[in-house]
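Q: This is upload_38.pdb, which holds PDB, C-alpha atoms, pLDDT in the B column:
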```
ATOM      1  CA  MET I  19      12.936 -18.331  -3.043  1.00 74.00           C
ATOM      2  CA  SER I  20      10.413 -19.628  -0.484  1.00 85.00           C
ATOM      3  CA  ASP I  21       8.828 -21.594  -3.341  1.00 92.00           C
ATOM      4  CA  GLN I  22      12.103 -23.310  -4.219  1.00 94.00           C
ATOM      5  CA  LEU I  23      13.052 -23.967  -0.588  1.00 95.00           C
ATOM      6  CA  LEU I  24       9.673 -25.517   0.224  1.00 95.00           C
ATOM      7  CA  LYS I  25       9.745 -27.636  -2.943  1.00 96.00           C
ATOM      8  CA  GLN I  26      13.238 -28.862  -2.022  1.00 95.00           C
ATOM      9  CA  TRP I  27      12.063 -29.803   1.477  1.00 96.00           C
ATOM     10  CA  ILE I  28       8.987 -31.590   0.114  1.00 96.00           C
ATOM     11  CA  VAL I  29      11.061 -33.582  -2.404  1.00 95.00           C
ATOM     12  CA  GLU I  30      13.535 -34.600   0.322  1.00 96.00           C
ATOM     13  CA  ASN I  31      10.826 -35.693   2.795  1.00 96.00           C
ATOM     14  CA  TYR I  32       7.945 -37.137   0.739  1.00 96.00           C
ATOM     15  CA  GLU I  33       7.535 -39.784  -1.934  1.00 94.00           C
ATOM     16  CA  PRO I  34       5.478 -39.149  -5.077  1.00 94.00           C
ATOM     17  CA  GLY I  35       2.024 -40.685  -4.829  1.00 87.00           C
ATOM     18  CA  THR I  36       2.044 -40.878  -1.022  1.00 92.00           C
ATOM     19  CA  ILE I  37      -0.720 -38.732   0.467  1.00 94.00           C
ATOM     20  CA  THR I  38       0.031 -37.208   3.882  1.00 95.00           C
ATOM     21  CA  PRO I  39      -2.722 -35.363   5.786  1.00 94.00           C
ATOM     22  CA  VAL I  40      -1.675 -31.977   7.199  1.00 95.00           C
ATOM     23  CA  LEU I  41      -5.053 -30.548   8.274  1.00 95.00           C
ATOM     24  CA  GLY I  42      -7.124 -33.692   8.115  1.00 92.00           C
ATOM     25  CA  ASP I  43      -8.607 -34.300   4.679  1.00 91.00           C
ATOM     26  CA  TRP I  44      -8.835 -30.570   3.947  1.00 95.00           C
ATOM     27  CA  LEU I  45      -5.073 -30.040   3.305  1.00 96.00           C
ATOM     28  CA  ARG I  46      -2.787 -32.876   2.295  1.00 96.00           C
ATOM     29  CA  ILE I  47       0.677 -33.240   0.804  1.00 95.00           C
ATOM     30  CA  ASP I  48       0.600 -35.231  -2.409  1.00 95.00           C
ATOM     31  CA  LEU I  49       3.878 -34.846  -4.304  1.00 96.00           C
ATOM     32  CA  ILE I  50       3.503 -34.980  -8.080  1.00 91.00           C
ATOM     33  CA  HIS I  51       5.686 -34.083 -11.056  1.00 92.00           C
ATOM     34  CA  ASN I  52       3.731 -31.839 -13.414  1.00 86.00           C
ATOM     35  CA  ALA I  53       5.360 -31.969 -16.864  1.00 79.00           C
ATOM     36  CA  GLY I  54       2.592 -29.823 -18.319  1.00 70.00           C
ATOM     37  CA  GLY I  55       1.020 -26.478 -17.678  1.00 67.00           C
ATOM     38  CA  LEU I  56      -1.688 -24.965 -15.551  1.00 68.00           C
ATOM     39  CA  PHE I  57      -3.929 -27.593 -13.911  1.00 64.00           C
ATOM     40  CA  GLY I  58      -1.729 -30.348 -15.391  1.00 61.00           C
ATOM     41  CA  LEU I  59      -2.887 -29.619 -18.933  1.00 61.00           C
ATOM     42  CA  LEU I  60      -0.729 -30.432 -21.946  1.00 63.00           C
ATOM     43  CA  GLN I  61       1.567 -32.943 -20.239  1.00 67.00           C
ATOM     44  CA  GLY I  62       5.044 -33.297 -21.732  1.00 61.00           C
ATOM     45  CA  THR I  63       5.277 -29.659 -22.800  1.00 64.00           C
ATOM     46  CA  ALA I  64       7.489 -28.275 -20.005  1.00 71.00           C
ATOM     47  CA  ALA I  65       9.988 -26.866 -22.540  1.00 73.00           C
ATOM     48  CA  VAL I  66       7.221 -24.985 -24.360  1.00 75.00           C
ATOM     49  CA  PHE I  67       5.965 -23.540 -21.075  1.00 75.00           C
ATOM     50  CA  ALA I  68       9.543 -22.537 -20.177  1.00 80.00           C
ATOM     51  CA  VAL I  69       9.754 -20.472 -23.389  1.00 82.00           C
ATOM     52  CA  VAL I  70       6.298 -18.980 -22.727  1.00 81.00           C
ATOM     53  CA  THR I  71       7.501 -18.052 -19.237  1.00 83.00           C
ATOM     54  CA  LEU I  72      10.428 -16.094 -20.695  1.00 87.00           C
ATOM     55  CA  VAL I  73       7.978 -14.105 -22.834  1.00 88.00           C
ATOM     56  CA  VAL I  74       5.735 -13.494 -19.807  1.00 83.00           C
ATOM     57  CA  VAL I  75       8.702 -12.329 -17.699  1.00 85.00           C
ATOM     58  CA  GLY I  76       9.635  -9.875 -20.475  1.00 88.00           C
ATOM     59  CA  LEU I  77       6.066  -8.570 -20.601  1.00 86.00           C
ATOM     60  CA  ILE I  78       5.938  -8.189 -16.810  1.00 82.00           C
ATOM     61  CA  ALA I  79       9.200  -6.223 -16.793  1.00 84.00           C
ATOM     62  CA  SER I  80       7.895  -4.015 -19.606  1.00 84.00           C
ATOM     63  CA  MET I  81       4.591  -3.418 -17.795  1.00 78.00           C
ATOM     64  CA  GLU I  82       6.363  -2.523 -14.564  1.00 78.00           C
ATOM     65  CA  LEU I  83       8.648  -0.085 -16.358  1.00 81.00           C
ATOM     66  CA  ARG I  84       5.681   1.499 -18.124  1.00 78.00           C
ATOM     67  CA  TRP I  85       3.009   1.454 -15.385  1.00 70.00           C
ATOM     68  CA  GLY I  86       4.765   0.482 -12.189  1.00 62.00           C
ATOM     69  CA  TRP I  87       4.751   2.717  -9.163  1.00 65.00           C
ATOM     70  CA  ARG I  88       1.635   4.472 -10.378  1.00 71.00           C
ATOM     71  CA  SER I  89       0.073   2.197  -7.836  1.00 75.00           C
ATOM     72  CA  TRP I  90       1.726  -0.008  -5.236  1.00 79.00           C
ATOM     73  CA  VAL I  91      -1.092  -2.502  -5.837  1.00 80.00           C
ATOM     74  CA  THR I  92      -0.126  -2.825  -9.512  1.00 78.00           C
ATOM     75  CA  THR I  93       3.508  -3.363  -8.553  1.00 82.00           C
ATOM     76  CA  LEU I  94       2.477  -5.947  -5.950  1.00 86.00           C
ATOM     77  CA  ALA I  95       0.312  -7.802  -8.483  1.00 86.00           C
ATOM     78  CA  LEU I  96       3.065  -7.843 -11.102  1.00 83.00           C
ATOM     79  CA  GLY I  97       5.552  -9.002  -8.452  1.00 86.00           C
ATOM     80  CA  LEU I  98       3.296 -11.938  -7.546  1.00 91.00           C
ATOM     81  CA  LEU I  99       2.998 -12.935 -11.198  1.00 88.00           C
ATOM     82  CA  LEU I 100       6.741 -12.570 -11.755  1.00 89.00           C
ATOM     83  CA  GLY I 101       7.649 -14.568  -8.642  1.00 91.00           C
ATOM     84  CA  GLY I 102       5.250 -17.371  -9.536  1.00 91.00           C
ATOM     85  CA  ALA I 103       6.417 -17.517 -13.138  1.00 89.00           C
ATOM     86  CA  ILE I 104      10.078 -17.653 -12.125  1.00 90.00           C
ATOM     87  CA  GLY I 105       9.459 -20.294  -9.429  1.00 92.00           C
ATOM     88  CA  ASN I 106       7.917 -22.738 -11.881  1.00 90.00           C
ATOM     89  CA  PHE I 107      10.375 -21.741 -14.650  1.00 89.00           C
ATOM     90  CA  ILE I 108      13.289 -22.850 -12.452  1.00 92.00           C
ATOM     91  CA  ASP I 109      11.655 -26.268 -11.996  1.00 92.00           C
ATOM     92  CA  ARG I 110      10.984 -26.671 -15.725  1.00 88.00           C
ATOM     93  CA  ILE I 111      14.566 -25.828 -16.669  1.00 88.00           C
ATOM     94  CA  ARG I 112      16.226 -27.741 -13.829  1.00 91.00           C
ATOM     95  CA  LEU I 113      13.962 -30.808 -13.626  1.00 92.00           C
ATOM     96  CA  GLY I 114      11.859 -30.891 -16.801  1.00 87.00           C
ATOM     97  CA  TYR I 115       8.682 -30.694 -14.702  1.00 91.00           C
ATOM     98  CA  VAL I 116       7.139 -28.598 -11.916  1.00 91.00           C
ATOM     99  CA  VAL I 117       7.045 -29.902  -8.347  1.00 95.00           C
ATOM    100  CA  ASP I 118       3.450 -29.670  -7.097  1.00 94.00           C
ATOM    101  CA  PHE I 119       2.418 -30.885  -3.643  1.00 95.00           C
ATOM    102  CA  ALA I 120      -0.464 -28.960  -2.009  1.00 94.00           C
ATOM    103  CA  ASP I 121      -3.748 -30.857  -2.223  1.00 95.00           C
ATOM    104  CA  ILE I 122      -6.851 -29.134  -0.831  1.00 94.00           C
ATOM    105  CA  GLY I 123     -10.454 -30.228  -0.813  1.00 95.00           C
ATOM    106  CA  ILE I 124     -13.058 -32.229   1.033  1.00 92.00           C
ATOM    107  CA  GLY I 125     -13.391 -35.955   0.427  1.00 88.00           C
ATOM    108  CA  THR I 126     -13.419 -36.631  -3.305  1.00 89.00           C
ATOM    109  CA  TRP I 127     -13.960 -32.944  -4.109  1.00 93.00           C
ATOM    110  CA  ARG I 128     -10.345 -31.858  -4.629  1.00 92.00           C
ATOM    111  CA  TRP I 129      -8.692 -28.857  -6.261  1.00 88.00           C
ATOM    112  CA  TYR I 130      -5.729 -29.327  -8.573  1.00 89.00           C
ATOM    113  CA  ILE I 131      -2.472 -30.070  -6.783  1.00 91.00           C
ATOM    114  CA  PHE I 132      -0.376 -26.890  -6.715  1.00 92.00           C
ATOM    115  CA  ASN I 133       2.645 -25.144  -5.142  1.00 94.00           C
ATOM    116  CA  VAL I 134       3.657 -21.738  -3.714  1.00 93.00           C
ATOM    117  CA  ALA I 135       4.448 -20.323  -7.175  1.00 92.00           C
ATOM    118  CA  ASP I 136       0.945 -21.286  -8.343  1.00 91.00           C
ATOM    119  CA  MET I 137      -0.523 -19.539  -5.278  1.00 92.00           C
ATOM    120  CA  ALA I 138       1.373 -16.359  -6.180  1.00 93.00           C
ATOM    121  CA  VAL I 139      -0.010 -16.446  -9.733  1.00 89.00           C
ATOM    122  CA  SER I 140      -3.515 -17.071  -8.367  1.00 91.00           C
ATOM    123  CA  CYS I 141      -3.137 -14.106  -5.991  1.00 92.00           C
ATOM    124  CA  PHE I 142      -2.093 -11.970  -8.982  1.00 91.00           C
ATOM    125  CA  PHE I 143      -5.407 -12.787 -10.661  1.00 89.00           C
ATOM    126  CA  LEU I 144      -7.345 -12.057  -7.450  1.00 92.00           C
ATOM    127  CA  VAL I 145      -5.652  -8.653  -7.114  1.00 90.00           C
ATOM    128  CA  LEU I 146      -6.324  -7.948 -10.799  1.00 85.00           C
ATOM    129  CA  LEU I 147      -9.993  -8.896 -10.338  1.00 89.00           C
ATOM    130  CA  ALA I 148     -10.240  -6.677  -7.249  1.00 88.00           C
ATOM    131  CA  LEU I 149      -8.702  -3.757  -9.159  1.00 82.00           C
ATOM    132  CA  TRP I 150     -11.150  -4.318 -12.001  1.00 82.00           C
ATOM    133  CA  ILE I 151     -14.157  -4.393  -9.657  1.00 84.00           C
ATOM    134  CA  ILE I 152     -13.144  -1.917  -6.956  1.00 81.00           C
ATOM    135  CA  GLY I 153     -10.997   0.448  -9.044  1.00 70.00           C
ATOM    136  CA  PRO I 154     -13.880   2.123 -10.909  1.00 70.00           C
ATOM    137  CA  MET I 155     -15.823   2.536  -7.646  1.00 70.00           C
ATOM    138  CA  LEU I 156     -12.873   4.291  -6.033  1.00 64.00           C
ATOM    139  CA  GLN I 157     -12.377   6.543  -9.047  1.00 66.00           C
ATOM    140  CA  SER I 158     -16.041   7.551  -9.172  1.00 67.00           C
ATOM    141  CA  ARG I 159     -16.021   8.203  -5.421  1.00 63.00           C
ATOM    142  CA  GLY I 160     -12.984  10.469  -5.876  1.00 57.00           C
ATOM    143  CA  ARG I 161     -14.655  12.391  -8.734  1.00 57.00           C
ATOM    144  CA  GLY I 162     -17.819  12.853  -6.667  1.00 53.00           C
ATOM    145  CA  ALA I 163     -15.808  14.380  -3.818  1.00 50.00           C
ATOM    146  CA  GLN I 164     -14.033  16.725  -6.218  1.00 53.00           C
ATOM    147  CA  GLU I 165     -17.335  17.859  -7.778  1.00 54.00           C
ATOM    148  CA  ALA I 166     -18.897  18.462  -4.355  1.00 52.00           C
ATOM    149  CA  ALA I 167     -15.965  20.543  -3.081  1.00 52.00           C
ATOM    150  CA  PRO I 168     -16.273  24.278  -3.721  1.00 55.00           C
ATOM    151  CA  SER I 169     -13.765  25.741  -6.124  1.00 54.00           C
ATOM    152  CA  SER I 170     -11.497  28.570  -5.039  1.00 52.00           C
ATOM    153  CA  LYS I 171     -13.628  30.995  -7.076  1.00 52.00           C
ATOM    154  CA  ASP I 172     -16.772  29.899  -5.216  1.00 53.00           C
ATOM    155  CA  ALA I 173     -14.979  30.291  -1.915  1.00 51.00           C
ATOM    156  CA  GLU I 174     -14.360  34.011  -2.561  1.00 52.00           C
ATOM    157  CA  GLY I 175     -18.070  34.732  -2.860  1.00 49.00           C
ATOM    158  CA  PRO I 176     -19.670  37.129  -5.337  1.00 50.00           C
ATOM    159  CA  VAL I 177     -17.427  39.630  -7.006  1.00 50.00           C
ATOM    160  CA  ALA I 178     -18.245  43.213  -6.047  1.00 50.00           C
ATOM    161  CA  GLY I 179     -18.753  45.483  -8.940  1.00 48.00           C
TER     162      GLY I 179
END
```
Represent the supplied structure as structure tokens.
A:
Amino acid sequence: MSDQLLKQWIVENYEPGTITPVLGDWLRIDLIHNAGGLFGLLQGTAAVFAVVTLVVVGLIASMELRWGWRSWVTTLALGLLLGGAIGNFIDRIRLGYVVDFADIGIGTWRWYIFNVADMAVSCFFLVLLALWIIGPMLQSRGRGAQEAAPSSKDAEGPVAG
């Protein structure tokens, strides 16, 4: 919802192609209409990406039903992906393109122009990467603690005979 509200405000207050500094050159508003996919690839394929989004939403719901609540981090990650997918899906269905406006970079070194929904999807990938890197370390640390702890049999001491 914050994605749609911010996009609405941007569209009402800025003209496409007009660059407005927010934090100097580092963060600017540059309203564009992205009729393609990620990073502006495959322009003119908004309808195809809308269908792909429906498939992704179905997969996310299935994953949450199957694996959700095993870990709040997994649920958070899937929620970020779902929210981002739905935010851009609404634009594609309603407008035929996605409203992108956030332009970050320094001088001529710029990132792709994006929106709040894109940030949510990016955060999903960061959480997934963190789980992939940190998850095994946490599991091995937990196994090491279990192996080091004495079992209840060891705690009783030797059995008298």
Q: Might you spell out which residues the PyMOL selection byres ((chain I and resi 125) around 12) would select in the displayed file, as a VMD selection string?
A: chain I and resid 39 42 to 46 121 to 124 126 to 129
Q: So which residues fall inside 12 Å of (7.9, -10.5, -10.0) if we count all atoms listed in the file? Mind giving them as an NGL selection string?
A: :I and (19 or 71 or 74-82 or 86 or 92-105 or 135 or 138-139 or 142)
Q: For the residues in the current selection, export C-alpha atoms as a compact mmCIF listing (two decimals), keeping the file's coordinate frame.
A:
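Result file is again-v3.txt:
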```txt
# COMPACT_ATOMS: atom_id res chain seq x y z
CA MET I 19 12.94 -18.33 -3.04
CA THR I 71 7.50 -18.05 -19.24
CA VAL I 74 5.74 -13.49 -19.81
CA VAL I 75 8.70 -12.33 -17.70
CA GLY I 76 9.64 -9.88 -20.48
CA LEU I 77 6.07 -8.57 -20.60
CA ILE I 78 5.94 -8.19 -16.81
CA ALA I 79 9.20 -6.22 -16.79
CA SER I 80 7.90 -4.01 -19.61
CA MET I 81 4.59 -3.42 -17.80
CA GLU I 82 6.36 -2.52 -14.56
CA GLY I 86 4.76 0.48 -12.19
CA THR I 92 -0.13 -2.82 -9.51
CA THR I 93 3.51 -3.36 -8.55
CA LEU I 94 2.48 -5.95 -5.95
CA ALA I 95 0.31 -7.80 -8.48
CA LEU I 96 3.06 -7.84 -11.10
CA GLY I 97 5.55 -9.00 -8.45
CA LEU I 98 3.30 -11.94 -7.55
CA LEU I 99 3.00 -12.94 -11.20
CA LEU I 100 6.74 -12.57 -11.76
CA GLY I 101 7.65 -14.57 -8.64
CA GLY I 102 5.25 -17.37 -9.54
CA ALA I 103 6.42 -17.52 -13.14
CA ILE I 104 10.08 -17.65 -12.12
CA GLY I 105 9.46 -20.29 -9.43
CA ALA I 135 4.45 -20.32 -7.18
CA ALA I 138 1.37 -16.36 -6.18
CA VAL I 139 -0.01 -16.45 -9.73
CA PHE I 142 -2.09 -11.97 -8.98
```
Q: State, in Å with one decimal place, the distance from CA of Arg110 (chain I) to CA of Arg84 (chain I).
A: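 Computed distance, CA of Arg110 (chain I) to CA of Arg84 (chain I), equals 28.8 Å.
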Q: Check the smallest atom-to-atom distance from each of I:Phe119, I:Phe143, I:Phe132, I:Phe107 to Ala65 (chain I) using all atoms listed in the file, then report the winner.
A: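 Closest residue, counting all atoms listed in the file: I:Phe107.
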Q: One decimal, Å: what's the distance from CA of Ser89 (chain I) over to CA of Val145 (chain I), could you say?
A: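 Between these atoms lies a distance of 12.3 Å.
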Q: CA of Val70 (chain I) to CA of Asp109 (chain I): how many Å, to one decimal?
A: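 It comes out at 14.0 Å.
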Q: Go through I:Glu33, I:Ser20, I:Leu147, I:Ile131 and flag the residue nearest Val116 (chain I), using all atoms listed in the file for the distances.
A: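 The closest residue to Val116 (chain I) is I:Ile131.
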Q: With all atoms listed in the file as the atoms that count, which of I:Ile50, I:Trp85, I:Val91, I:Leu113 lies nearest to Leu146 (chain I)?
A: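 Looking at the shortest contact to Leu146 (chain I), the residue is I:Val91.
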Q: Kindly indicate which residue among I:Ile47, I:Leu23, I:Ala53, I:Val29 lies nearest to Ala68 (chain I), using only C-alpha atoms for the distances.
A: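 Closest candidate: I:Ala53.
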Q: Using all atoms listed in the file, which of I:Ile37, I:Leu49, I:Ile151, I:Ile111 sits nearest Val66 (chain I)?
A: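 The answer is I:Ile111, which sits nearest to Val66 (chain I).
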Q: Applying 9 Å and all atoms listed in the file, which residues near Gln26 (chain I) remain after dropping the ones on its own chain fewer than 5 positions away? List them as a PDB file with C-alpha atoms, in the frame of the given file.
A:
```pdb
ATOM      1  CA  ASP I  21       8.828 -21.594  -3.341  1.00 92.00           C
ATOM      2  CA  ASN I  31      10.826 -35.693   2.795  1.00 96.00           C
ATOM      3  CA  VAL I 117       7.045 -29.902  -8.347  1.00 95.00           C
TER       4      VAL I 117
END
```
Q: Measuring atom to atom with all atoms listed in the file, identify which of I:Tyr32, I:Phe67, I:Trp90, I:Trp27 is nearest to Gly114 (chain I).
A: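 Distance minimum relative to Gly114 (chain I) lands on I:Phe67.
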